[in-house]
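Listing of run.pdb, PDB, C-alpha atoms, pLDDT in the B column
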```
ATOM      1  CA  MET A  16      24.727  89.535  89.298  1.00 46.00           C
ATOM      2  CA  THR A  17      24.887  93.317  89.023  1.00 48.00           C
ATOM      3  CA  ARG A  18      28.347  94.859  88.931  1.00 51.00           C
ATOM      4  CA  ARG A  19      28.760  97.944  91.087  1.00 56.00           C
ATOM      5  CA  PRO A  20      31.586 100.531  91.011  1.00 54.00           C
ATOM      6  CA  GLU A  21      34.960  99.306  92.222  1.00 63.00           C
ATOM      7  CA  LEU A  22      36.251  99.812  95.716  1.00 74.00           C
ATOM      8  CA  ARG A  23      39.764 101.265  95.693  1.00 77.00           C
ATOM      9  CA  LEU A  24      42.275 100.102  98.294  1.00 85.00           C
ATOM     10  CA  PRO A  25      45.579 101.989  98.637  1.00 91.00           C
ATOM     11  CA  ALA A  26      48.373  99.570  97.763  1.00 93.00           C
ATOM     12  CA  ALA A  27      50.558 101.265 100.367  1.00 95.00           C
ATOM     13  CA  TRP A  28      48.405  99.724 103.105  1.00 96.00           C
ATOM     14  CA  ILE A  29      49.420  96.236 102.004  1.00 96.00           C
ATOM     15  CA  ALA A  30      53.118  97.116 102.029  1.00 97.00           C
ATOM     16  CA  VAL A  31      52.866  98.766 105.454  1.00 97.00           C
ATOM     17  CA  ALA A  32      51.131  95.701 106.871  1.00 97.00           C
ATOM     18  CA  ALA A  33      53.727  93.412 105.239  1.00 96.00           C
ATOM     19  CA  ALA A  34      56.411  95.264 107.197  1.00 96.00           C
ATOM     20  CA  LEU A  35      54.700  95.944 110.514  1.00 97.00           C
ATOM     21  CA  VAL A  36      53.050  92.568 111.148  1.00 97.00           C
ATOM     22  CA  PRO A  37      56.322  90.561 111.002  1.00 95.00           C
ATOM     23  CA  LEU A  38      58.082  93.206 113.090  1.00 96.00           C
ATOM     24  CA  LEU A  39      55.281  93.018 115.639  1.00 96.00           C
ATOM     25  CA  ALA A  40      55.537  89.217 115.659  1.00 95.00           C
ATOM     26  CA  ILE A  41      59.282  89.291 116.341  1.00 95.00           C
ATOM     27  CA  HIS A  42      59.252  91.916 119.080  1.00 95.00           C
ATOM     28  CA  ALA A  43      56.045  90.764 120.746  1.00 95.00           C
ATOM     29  CA  GLY A  44      57.382  87.204 120.773  1.00 94.00           C
ATOM     30  CA  TYR A  45      60.634  88.401 122.300  1.00 94.00           C
ATOM     31  CA  GLY A  46      58.810  90.411 124.963  1.00 94.00           C
ATOM     32  CA  LEU A  47      56.541  87.507 125.831  1.00 94.00           C
ATOM     33  CA  SER A  48      59.519  85.146 126.152  1.00 93.00           C
ATOM     34  CA  VAL A  49      61.243  87.576 128.500  1.00 93.00           C
ATOM     35  CA  ALA A  50      58.062  88.031 130.546  1.00 93.00           C
ATOM     36  CA  SER A  51      57.544  84.253 130.848  1.00 90.00           C
ATOM     37  CA  GLY A  52      61.157  83.646 131.848  1.00 89.00           C
ATOM     38  CA  ALA A  53      62.001  81.601 128.751  1.00 88.00           C
ATOM     39  CA  ILE A  54      64.940  83.903 127.965  1.00 88.00           C
ATOM     40  CA  GLU A  55      66.810  86.656 129.785  1.00 87.00           C
ATOM     41  CA  GLY A  56      65.952  90.237 128.992  1.00 85.00           C
ATOM     42  CA  GLY A  57      68.303  92.590 127.209  1.00 88.00           C
ATOM     43  CA  PHE A  58      68.662  94.537 123.976  1.00 93.00           C
ATOM     44  CA  PRO A  59      69.474  91.925 121.327  1.00 93.00           C
ATOM     45  CA  TYR A  60      70.272  94.557 118.696  1.00 94.00           C
ATOM     46  CA  LEU A  61      73.391  95.362 120.736  1.00 92.00           C
ATOM     47  CA  ASP A  62      74.115  92.524 123.150  1.00 90.00           C
ATOM     48  CA  GLY A  63      73.251  89.598 120.854  1.00 87.00           C
ATOM     49  CA  SER A  64      71.939  87.680 123.837  1.00 88.00           C
ATOM     50  CA  THR A  65      69.555  85.615 121.717  1.00 90.00           C
ATOM     51  CA  SER A  66      68.590  84.921 118.140  1.00 89.00           C
ATOM     52  CA  ILE A  67      65.131  85.632 116.754  1.00 90.00           C
ATOM     53  CA  SER A  68      64.329  81.935 116.483  1.00 87.00           C
ATOM     54  CA  ARG A  69      65.417  81.235 120.059  1.00 87.00           C
ATOM     55  CA  ALA A  70      63.440  84.216 121.321  1.00 89.00           C
ATOM     56  CA  CYS A  71      60.192  83.108 119.658  1.00 89.00           C
ATOM     57  CA  ARG A  72      60.234  79.305 119.646  1.00 86.00           C
ATOM     58  CA  LYS A  73      59.208  78.633 123.268  1.00 86.00           C
ATOM     59  CA  GLU A  74      55.667  78.592 124.584  1.00 86.00           C
ATOM     60  CA  PRO A  75      53.712  80.814 124.865  1.00 89.00           C
ATOM     61  CA  ALA A  76      55.620  83.120 122.478  1.00 90.00           C
ATOM     62  CA  VAL A  77      55.644  80.604 119.629  1.00 91.00           C
ATOM     63  CA  HIS A  78      51.838  80.606 119.422  1.00 92.00           C
ATOM     64  CA  LEU A  79      51.694  84.397 119.107  1.00 93.00           C
ATOM     65  CA  PHE A  80      54.548  84.332 116.612  1.00 93.00           C
ATOM     66  CA  ARG A  81      52.815  81.805 114.372  1.00 93.00           C
ATOM     67  CA  ALA A  82      49.478  83.603 114.640  1.00 94.00           C
ATOM     68  CA  LEU A  83      51.081  86.750 113.261  1.00 95.00           C
ATOM     69  CA  VAL A  84      53.699  85.401 110.839  1.00 94.00           C
ATOM     70  CA  LEU A  85      51.456  82.981 108.940  1.00 93.00           C
ATOM     71  CA  PRO A  86      49.081  85.745 107.741  1.00 94.00           C
ATOM     72  CA  ALA A  87      52.110  88.017 107.324  1.00 95.00           C
ATOM     73  CA  SER A  88      53.477  85.606 104.713  1.00 95.00           C
ATOM     74  CA  THR A  89      50.344  86.285 102.654  1.00 96.00           C
ATOM     75  CA  LEU A  90      50.938  90.027 102.979  1.00 96.00           C
ATOM     76  CA  VAL A  91      54.552  89.562 101.869  1.00 96.00           C
ATOM     77  CA  ALA A  92      53.431  87.578  98.815  1.00 97.00           C
ATOM     78  CA  ALA A  93      50.818  90.233  97.989  1.00 96.00           C
ATOM     79  CA  THR A  94      53.432  92.993  98.255  1.00 97.00           C
ATOM     80  CA  TRP A  95      55.736  91.365  95.717  1.00 97.00           C
ATOM     81  CA  TRP A  96      52.832  90.500  93.419  1.00 96.00           C
ATOM     82  CA  ILE A  97      51.758  94.177  93.490  1.00 96.00           C
ATOM     83  CA  THR A  98      55.372  95.256  92.955  1.00 96.00           C
ATOM     84  CA  ALA A  99      55.744  93.109  89.836  1.00 96.00           C
ATOM     85  CA  ALA A 100      52.436  94.369  88.417  1.00 94.00           C
ATOM     86  CA  TRP A 101      53.353  97.982  89.224  1.00 94.00           C
ATOM     87  CA  LEU A 102      56.746  97.651  87.521  1.00 94.00           C
ATOM     88  CA  ALA A 103      54.978  96.281  84.449  1.00 92.00           C
ATOM     89  CA  ARG A 104      52.300  98.969  84.355  1.00 91.00           C
ATOM     90  CA  THR A 105      54.782 101.816  84.760  1.00 89.00           C
ATOM     91  CA  GLN A 106      57.275 100.174  82.361  1.00 87.00           C
ATOM     92  CA  ARG A 107      60.063 100.474  84.897  1.00 88.00           C
ATOM     93  CA  ALA A 108      61.281  96.891  84.392  1.00 87.00           C
ATOM     94  CA  GLY A 109      61.416  94.322  81.627  1.00 89.00           C
ATOM     95  CA  PRO A 110      59.759  90.897  81.741  1.00 92.00           C
ATOM     96  CA  ARG A 111      62.847  89.117  83.079  1.00 94.00           C
ATOM     97  CA  ALA A 112      63.280  91.433  86.076  1.00 94.00           C
ATOM     98  CA  ARG A 113      59.564  91.255  86.837  1.00 94.00           C
ATOM     99  CA  ARG A 114      59.625  87.452  86.755  1.00 96.00           C
ATOM    100  CA  TRP A 115      62.528  87.401  89.184  1.00 96.00           C
ATOM    101  CA  VAL A 116      60.769  89.826  91.538  1.00 96.00           C
ATOM    102  CA  LEU A 117      57.550  87.838  91.493  1.00 96.00           C
ATOM    103  CA  GLY A 118      59.203  84.403  91.602  1.00 96.00           C
ATOM    104  CA  LEU A 119      61.699  85.129  94.372  1.00 96.00           C
ATOM    105  CA  GLY A 120      59.155  87.114  96.354  1.00 96.00           C
ATOM    106  CA  LEU A 121      56.542  84.362  96.289  1.00 96.00           C
ATOM    107  CA  VAL A 122      59.093  81.660  97.125  1.00 95.00           C
ATOM    108  CA  ALA A 123      60.335  83.743 100.057  1.00 95.00           C
ATOM    109  CA  ALA A 124      56.782  84.169 101.342  1.00 95.00           C
ATOM    110  CA  VAL A 125      56.105  80.430 101.130  1.00 94.00           C
ATOM    111  CA  PHE A 126      59.263  79.596 103.060  1.00 92.00           C
ATOM    112  CA  LEU A 127      58.443  82.221 105.686  1.00 92.00           C
ATOM    113  CA  ALA A 128      55.225  80.306 106.314  1.00 92.00           C
ATOM    114  CA  LEU A 129      57.205  77.048 106.388  1.00 88.00           C
ATOM    115  CA  TYR A 130      59.623  78.505 108.939  1.00 88.00           C
ATOM    116  CA  ALA A 131      56.826  79.732 111.208  1.00 87.00           C
ATOM    117  CA  THR A 132      54.954  76.428 110.942  1.00 87.00           C
ATOM    118  CA  PHE A 133      57.903  74.316 112.089  1.00 83.00           C
ATOM    119  CA  LEU A 134      59.414  76.765 114.600  1.00 84.00           C
ATOM    120  CA  GLY A 135      59.565  75.142 118.019  1.00 77.00           C
ATOM    121  CA  THR A 136      59.052  71.596 116.754  1.00 77.00           C
ATOM    122  CA  ASP A 137      61.350  68.671 117.547  1.00 73.00           C
ATOM    123  CA  GLY A 138      63.111  66.111 115.377  1.00 73.00           C
ATOM    124  CA  GLN A 139      65.867  66.184 112.765  1.00 74.00           C
ATOM    125  CA  VAL A 140      63.494  66.648 109.825  1.00 64.00           C
ATOM    126  CA  TYR A 141      61.609  69.449 111.536  1.00 65.00           C
ATOM    127  CA  ARG A 142      64.833  71.256 112.436  1.00 72.00           C
ATOM    128  CA  TRP A 143      66.018  70.946 108.838  1.00 74.00           C
ATOM    129  CA  LEU A 144      62.729  72.305 107.474  1.00 69.00           C
ATOM    130  CA  ARG A 145      62.811  75.183 109.944  1.00 71.00           C
ATOM    131  CA  ARG A 146      66.357  76.187 109.106  1.00 73.00           C
ATOM    132  CA  PHE A 147      65.879  75.710 105.366  1.00 76.00           C
ATOM    133  CA  GLY A 148      62.733  77.811 105.537  1.00 78.00           C
ATOM    134  CA  VAL A 149      64.353  80.792 107.211  1.00 83.00           C
ATOM    135  CA  TYR A 150      67.451  80.679 104.963  1.00 86.00           C
ATOM    136  CA  VAL A 151      65.373  80.670 101.776  1.00 90.00           C
ATOM    137  CA  PHE A 152      63.151  83.444 103.138  1.00 92.00           C
ATOM    138  CA  PHE A 153      66.152  85.619 103.998  1.00 91.00           C
ATOM    139  CA  ALA A 154      67.973  85.013 100.715  1.00 91.00           C
ATOM    140  CA  GLY A 155      64.879  85.265  98.519  1.00 93.00           C
ATOM    141  CA  THR A 156      63.690  88.483 100.120  1.00 94.00           C
ATOM    142  CA  ALA A 157      67.116  90.124 100.098  1.00 94.00           C
ATOM    143  CA  PHE A 158      67.678  89.376  96.392  1.00 95.00           C
ATOM    144  CA  THR A 159      64.157  90.554  95.544  1.00 96.00           C
ATOM    145  CA  GLU A 160      64.774  93.851  97.305  1.00 96.00           C
ATOM    146  CA  LEU A 161      68.111  94.260  95.564  1.00 95.00           C
ATOM    147  CA  ILE A 162      66.518  93.705  92.140  1.00 95.00           C
ATOM    148  CA  VAL A 163      63.745  96.224  92.881  1.00 96.00           C
ATOM    149  CA  THR A 164      66.286  98.779  94.103  1.00 95.00           C
ATOM    150  CA  VAL A 165      68.450  98.416  90.992  1.00 93.00           C
ATOM    151  CA  VAL A 166      65.415  98.655  88.697  1.00 93.00           C
ATOM    152  CA  LEU A 167      64.093 101.783  90.389  1.00 92.00           C
ATOM    153  CA  ALA A 168      67.531 103.408  90.519  1.00 89.00           C
ATOM    154  CA  ARG A 169      67.970 102.895  86.767  1.00 86.00           C
ATOM    155  CA  ALA A 170      64.506 104.134  85.831  1.00 81.00           C
ATOM    156  CA  ARG A 171      64.460 107.197  83.593  1.00 74.00           C
ATOM    157  CA  PRO A 172      63.275 109.724  84.452  1.00 68.00           C
ATOM    158  CA  PRO A 173      64.222 109.168  88.117  1.00 71.00           C
ATOM    159  CA  SER A 174      61.240 107.715  89.930  1.00 71.00           C
ATOM    160  CA  LEU A 175      62.337 107.909  93.567  1.00 80.00           C
ATOM    161  CA  GLU A 176      62.796 110.640  96.116  1.00 86.00           C
ATOM    162  CA  PRO A 177      66.533 110.989  96.770  1.00 87.00           C
ATOM    163  CA  ARG A 178      66.180 110.036 100.423  1.00 91.00           C
ATOM    164  CA  VAL A 179      64.108 106.936  99.589  1.00 92.00           C
ATOM    165  CA  ARG A 180      66.702 105.864  97.011  1.00 90.00           C
ATOM    166  CA  ARG A 181      69.515 106.370  99.526  1.00 93.00           C
ATOM    167  CA  VAL A 182      67.760 104.324 102.202  1.00 94.00           C
ATOM    168  CA  MET A 183      67.009 101.522  99.722  1.00 93.00           C
ATOM    169  CA  TRP A 184      70.651 101.337  98.719  1.00 93.00           C
ATOM    170  CA  ALA A 185      71.789 101.549 102.345  1.00 94.00           C
ATOM    171  CA  LEU A 186      69.601  98.575 103.261  1.00 92.00           C
ATOM    172  CA  CYS A 187      70.832  96.544 100.297  1.00 92.00           C
ATOM    173  CA  TRP A 188      74.493  97.298 100.980  1.00 92.00           C
ATOM    174  CA  GLY A 189      73.959  96.523 104.652  1.00 89.00           C
ATOM    175  CA  MET A 190      72.472  93.114 103.835  1.00 87.00           C
ATOM    176  CA  LEU A 191      75.286  92.339 101.393  1.00 85.00           C
ATOM    177  CA  ALA A 192      77.880  93.326 103.998  1.00 83.00           C
ATOM    178  CA  ALA A 193      76.361  91.170 106.747  1.00 78.00           C
ATOM    179  CA  GLY A 194      78.198  88.021 105.650  1.00 72.00           C
ATOM    180  CA  PRO A 195      81.741  89.474 105.507  1.00 73.00           C
ATOM    181  CA  VAL A 196      81.159  91.450 108.709  1.00 70.00           C
ATOM    182  CA  ASN A 197      80.044  88.273 110.466  1.00 61.00           C
ATOM    183  CA  VAL A 198      83.221  86.455 109.384  1.00 62.00           C
ATOM    184  CA  VAL A 199      85.589  89.266 110.391  1.00 64.00           C
ATOM    185  CA  ALA A 200      83.875  90.277 113.625  1.00 62.00           C
ATOM    186  CA  GLY A 201      83.410  86.639 114.619  1.00 58.00           C
ATOM    187  CA  ARG A 202      87.193  86.239 114.760  1.00 63.00           C
ATOM    188  CA  ILE A 203      87.524  89.155 117.172  1.00 67.00           C
ATOM    189  CA  LEU A 204      84.389  88.923 119.325  1.00 63.00           C
ATOM    190  CA  GLU A 205      82.159  86.086 120.471  1.00 73.00           C
ATOM    191  CA  ARG A 206      80.956  84.568 117.198  1.00 76.00           C
ATOM    192  CA  GLU A 207      77.443  83.622 118.318  1.00 81.00           C
ATOM    193  CA  ARG A 208      76.698  87.061 119.738  1.00 86.00           C
ATOM    194  CA  VAL A 209      77.958  88.757 116.584  1.00 85.00           C
ATOM    195  CA  ALA A 210      75.765  86.488 114.456  1.00 85.00           C
ATOM    196  CA  ASN A 211      72.740  87.262 116.638  1.00 87.00           C
ATOM    197  CA  VAL A 212      73.273  91.033 116.467  1.00 90.00           C
ATOM    198  CA  LEU A 213      73.631  90.903 112.686  1.00 89.00           C
ATOM    199  CA  GLU A 214      70.513  88.724 112.408  1.00 90.00           C
ATOM    200  CA  TRP A 215      68.399  91.265 114.299  1.00 93.00           C
ATOM    201  CA  TRP A 216      69.632  94.209 112.253  1.00 93.00           C
ATOM    202  CA  PHE A 217      69.465  92.283 108.968  1.00 92.00           C
ATOM    203  CA  THR A 218      65.870  91.278 109.695  1.00 92.00           C
ATOM    204  CA  LEU A 219      64.900  94.810 110.710  1.00 94.00           C
ATOM    205  CA  GLY A 220      66.162  96.244 107.426  1.00 93.00           C
ATOM    206  CA  MET A 221      64.864  93.431 105.247  1.00 93.00           C
ATOM    207  CA  VAL A 222      61.388  93.297 106.768  1.00 94.00           C
ATOM    208  CA  GLY A 223      61.152  97.101 106.918  1.00 94.00           C
ATOM    209  CA  TYR A 224      61.921  97.536 103.204  1.00 96.00           C
ATOM    210  CA  PRO A 225      58.228  97.439 102.150  1.00 96.00           C
ATOM    211  CA  LEU A 226      57.738 100.695 104.066  1.00 96.00           C
ATOM    212  CA  LEU A 227      59.849 102.361 101.375  1.00 96.00           C
ATOM    213  CA  LEU A 228      57.653 100.861  98.673  1.00 96.00           C
ATOM    214  CA  ALA A 229      54.634 102.113 100.613  1.00 96.00           C
ATOM    215  CA  ARG A 230      56.084 105.627 100.491  1.00 94.00           C
ATOM    216  CA  VAL A 231      56.550 105.458  96.701  1.00 93.00           C
ATOM    217  CA  TRP A 232      53.107 103.954  96.127  1.00 94.00           C
ATOM    218  CA  SER A 233      51.502 106.559  98.360  1.00 93.00           C
ATOM    219  CA  LEU A 234      53.069 109.403  96.382  1.00 91.00           C
ATOM    220  CA  GLU A 235      51.919 107.792  93.125  1.00 90.00           C
ATOM    221  CA  ARG A 236      48.460 107.109  94.589  1.00 90.00           C
ATOM    222  CA  LEU A 237      48.655 103.468  93.576  1.00 91.00           C
ATOM    223  CA  THR A 238      45.412 101.660  94.383  1.00 89.00           C
ATOM    224  CA  LEU A 239      43.952  98.199  93.967  1.00 87.00           C
ATOM    225  CA  GLY A 240      40.513  97.775  92.425  1.00 74.00           C
ATOM    226  CA  LEU A 241      38.078  95.509  94.267  1.00 65.00           C
ATOM    227  CA  ALA A 242      35.006  94.736  92.180  1.00 57.00           C
ATOM    228  CA  ARG A 243      31.640  94.647  93.979  1.00 54.00           C
ATOM    229  CA  THR A 244      28.694  92.594  92.859  1.00 52.00           C
ATOM    230  CA  GLU A 245      25.226  92.043  94.245  1.00 54.00           C
ATOM    231  CA  PRO A 246      22.363  89.693  93.322  1.00 52.00           C
ATOM    232  CA  ASP A 247      19.894  90.938  90.712  1.00 50.00           C
TER     233      ASP A 247
END
```
Take the structure in the file and give it back as structure tokens.
Amino acid sequence: MTRRPELRLPAAWIAVAAALVPLLAIHAGYGLSVASGAIEGGFPYLDGSTSISRACRKEPAVHLFRALVLPASTLVAATWWITAAWLARTQRAGPRARRWVLGLGLVAAVFLALYATFLGTDGQVYRWLRRFGVYVFFAGTAFTELIVTVVLARARPPSLEPRVRRVMWALCWGMLAAGPVNVVAGRILERERVANVLEWWFTLGMVGYPLLLARVWSLERLTLGLARTEPD
């Protein structure tokens, strides 16, 4: 085999896809459920009329949701793998932080695939796997993003644009505040609707976080090398 020069793929493309594909899956699934009459239309970010799972678990929306989320889990895993390698190469984080980023990120991606696989299925075991999958995905991703934000904020010299740093912290603080807000607001307003509204906003911020990494990687011109070979 003859080795040819490497192809270079911008790492930012992976992060953008890791954010946009899940967001497309959620909103396309919601729109399809409304169009098919499975759920009533509205603006769930404000009215909390439905949860993400309820919006995407009925046919035909569930098929579109799975078709998009299952490959998206691979993109999510790739994003955190690239993040850990990038932190190592730029010496922004020590081995322990990098292991946590990679470990939590990969576990979250696996459980995202588990959640999508069992969404819409029946039975006690299936419901448990579905719920366990989404909880681990949410928690694993949120903690991974918090670790990355702390590492980048502590880097010297500063390695982030001020506005990117502010948005990263805003997303992390918003995710941390979701639990207490849910408890307090649930005592005043309808608990289920409050939980649904928070779920939509939490997911939007959490899934959109890779767009901030894409911005940083784009400015640093971070690329992935793809070796090409051809028969002699």
message = I'd like the interatomic distance between atom CA of Ala112 of chain A and atom CA of Leu219 of chain A, to a tenth of an Å.
response =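 That distance, rounded to one decimal, is 24.9 Å.
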- Near-Gly155 of chain A list (7 Å; only C-alpha atoms; drop same-chain fewer than 3 positions) as a list in words: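 With the cut-off at 7 Å, the set is Leu119, Gly120, Val122, Ala123, Val151, Phe152, Phe158 and Thr159 of chain A.
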Students should find that atom CA of Leu24 of chain A and atom CA of Leu38 of chain A are spaced 22.7 Å
Here's the selection I'm unsure about, the PyMOL selection byres ((chain A and resi 42) around 12); applied to the file above, which residues does it give, as a PDB file with C-alpha atoms, in the frame of the given file?
```
ATOM      1  CA  LEU A  35      54.700  95.944 110.514  1.00 97.00           C
ATOM      2  CA  VAL A  36      53.050  92.568 111.148  1.00 97.00           C
ATOM      3  CA  PRO A  37      56.322  90.561 111.002  1.00 95.00           C
ATOM      4  CA  LEU A  38      58.082  93.206 113.090  1.00 96.00           C
ATOM      5  CA  LEU A  39      55.281  93.018 115.639  1.00 96.00           C
ATOM      6  CA  ALA A  40      55.537  89.217 115.659  1.00 95.00           C
ATOM      7  CA  ILE A  41      59.282  89.291 116.341  1.00 95.00           C
ATOM      8  CA  ALA A  43      56.045  90.764 120.746  1.00 95.00           C
ATOM      9  CA  GLY A  44      57.382  87.204 120.773  1.00 94.00           C
ATOM     10  CA  TYR A  45      60.634  88.401 122.300  1.00 94.00           C
ATOM     11  CA  GLY A  46      58.810  90.411 124.963  1.00 94.00           C
ATOM     12  CA  LEU A  47      56.541  87.507 125.831  1.00 94.00           C
ATOM     13  CA  SER A  48      59.519  85.146 126.152  1.00 93.00           C
ATOM     14  CA  VAL A  49      61.243  87.576 128.500  1.00 93.00           C
ATOM     15  CA  PHE A  58      68.662  94.537 123.976  1.00 93.00           C
ATOM     16  CA  PRO A  59      69.474  91.925 121.327  1.00 93.00           C
ATOM     17  CA  TYR A  60      70.272  94.557 118.696  1.00 94.00           C
ATOM     18  CA  SER A  66      68.590  84.921 118.140  1.00 89.00           C
ATOM     19  CA  ILE A  67      65.131  85.632 116.754  1.00 90.00           C
ATOM     20  CA  SER A  68      64.329  81.935 116.483  1.00 87.00           C
ATOM     21  CA  ALA A  70      63.440  84.216 121.321  1.00 89.00           C
ATOM     22  CA  CYS A  71      60.192  83.108 119.658  1.00 89.00           C
ATOM     23  CA  ALA A  76      55.620  83.120 122.478  1.00 90.00           C
ATOM     24  CA  VAL A  77      55.644  80.604 119.629  1.00 91.00           C
ATOM     25  CA  LEU A  79      51.694  84.397 119.107  1.00 93.00           C
ATOM     26  CA  PHE A  80      54.548  84.332 116.612  1.00 93.00           C
ATOM     27  CA  LEU A  83      51.081  86.750 113.261  1.00 95.00           C
ATOM     28  CA  VAL A  84      53.699  85.401 110.839  1.00 94.00           C
ATOM     29  CA  TRP A 215      68.399  91.265 114.299  1.00 93.00           C
ATOM     30  CA  THR A 218      65.870  91.278 109.695  1.00 92.00           C
ATOM     31  CA  LEU A 219      64.900  94.810 110.710  1.00 94.00           C
TER      32      LEU A 219
END
```
Any chance you could work out the residue set of the PyMOL selection byres ((chain A and resi 237) around 12) here, as an NGL selection string? :A and (23-30 or 97-98 or 100-102 or 104-105 or 228-236 or 238-240)
Print the selection's residues with C-alpha atoms to a file, as a PDB file, in the coordinates of the input.
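As written to disk, out.pdb reads:
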```pdb
ATOM      1  CA  ARG A  23      39.764 101.265  95.693  1.00 77.00           C
ATOM      2  CA  LEU A  24      42.275 100.102  98.294  1.00 85.00           C
ATOM      3  CA  PRO A  25      45.579 101.989  98.637  1.00 91.00           C
ATOM      4  CA  ALA A  26      48.373  99.570  97.763  1.00 93.00           C
ATOM      5  CA  ALA A  27      50.558 101.265 100.367  1.00 95.00           C
ATOM      6  CA  TRP A  28      48.405  99.724 103.105  1.00 96.00           C
ATOM      7  CA  ILE A  29      49.420  96.236 102.004  1.00 96.00           C
ATOM      8  CA  ALA A  30      53.118  97.116 102.029  1.00 97.00           C
ATOM      9  CA  ILE A  97      51.758  94.177  93.490  1.00 96.00           C
ATOM     10  CA  THR A  98      55.372  95.256  92.955  1.00 96.00           C
ATOM     11  CA  ALA A 100      52.436  94.369  88.417  1.00 94.00           C
ATOM     12  CA  TRP A 101      53.353  97.982  89.224  1.00 94.00           C
ATOM     13  CA  LEU A 102      56.746  97.651  87.521  1.00 94.00           C
ATOM     14  CA  ARG A 104      52.300  98.969  84.355  1.00 91.00           C
ATOM     15  CA  THR A 105      54.782 101.816  84.760  1.00 89.00           C
ATOM     16  CA  LEU A 228      57.653 100.861  98.673  1.00 96.00           C
ATOM     17  CA  ALA A 229      54.634 102.113 100.613  1.00 96.00           C
ATOM     18  CA  ARG A 230      56.084 105.627 100.491  1.00 94.00           C
ATOM     19  CA  VAL A 231      56.550 105.458  96.701  1.00 93.00           C
ATOM     20  CA  TRP A 232      53.107 103.954  96.127  1.00 94.00           C
ATOM     21  CA  SER A 233      51.502 106.559  98.360  1.00 93.00           C
ATOM     22  CA  LEU A 234      53.069 109.403  96.382  1.00 91.00           C
ATOM     23  CA  GLU A 235      51.919 107.792  93.125  1.00 90.00           C
ATOM     24  CA  ARG A 236      48.460 107.109  94.589  1.00 90.00           C
ATOM     25  CA  THR A 238      45.412 101.660  94.383  1.00 89.00           C
ATOM     26  CA  LEU A 239      43.952  98.199  93.967  1.00 87.00           C
ATOM     27  CA  GLY A 240      40.513  97.775  92.425  1.00 74.00           C
TER      28      GLY A 240
END
```
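Atom CA of Trp184 of chain A lies 26.9 Å from atom CA of Phe147 of chain A.
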Under the rule that all atoms listed in the file are counted, which of A:Met190, A:Leu85, A:Ala33, A:Ala50 is the nearest residue to Ala128 of chain A?
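Using all atoms listed in the file, Ala128 of chain A sits closest to A:Leu85.
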Identify which of the residues A:Ala53, A:Ala87, A:Leu191, A:Val166 lies closest to Lys73 of chain A, counting all atoms listed in the file when measuring atom-to-atom distances.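 Closest candidate: A:Ala53.
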Practice prompt. For the file shown, report as a ChimeraX atom specification the outcome of the PyMOL selection byres ((chain A and resi 92-94) around 6) at residue level.
Written response: /A:30,89-91,95-97,121,124
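Residue nearest Val179 of chain A within the list A:Phe133, A:Tyr224, A:Trp115, A:Phe126: A:Tyr224 [criterion: smallest interatomic distance, only C-alpha atoms].
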Pick out the closest residue to Leu186 of chain A from this set: A:Asn211, A:Tyr150, A:Arg171, A:Pro225. Count only C-alpha atoms.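 Once distances to Leu186 of chain A are computed over only C-alpha atoms, the minimum belongs to A:Pro225.
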For Ala157 of chain A: contacts at 9 Å, all atoms listed in the file, fewer than 3 positions along chain excluded, given as an MDAnalysis selection string: chainID A and resid 152:154 160:162 187 190:191 221
Among A:Val196, A:Ala82, A:Ala108, A:Leu117, Val165 of chain A is approached most closely, using only C-alpha atoms, by A:Ala108
message = Report as a list in words all protein, DNA and RNA residues lying within 10 Å of Arg180 of chain A, evaluated on only C-alpha atoms, omitting residues in the same chain fewer than 6 positions from it.
response = Thr164, Val165, Leu167, Ala168, Pro173, Ser174 and Leu227 of chain A
Centre and size of axis-aligned box enclosing segment 216-224 of chain A plus 3 Å each side, as lines of an AutoDock Vina configuration file:
```
center_x = 65.4
center_y = 94.4
center_z = 107.7
size_x = 14.5
size_y = 12.3
size_z = 15.0
```
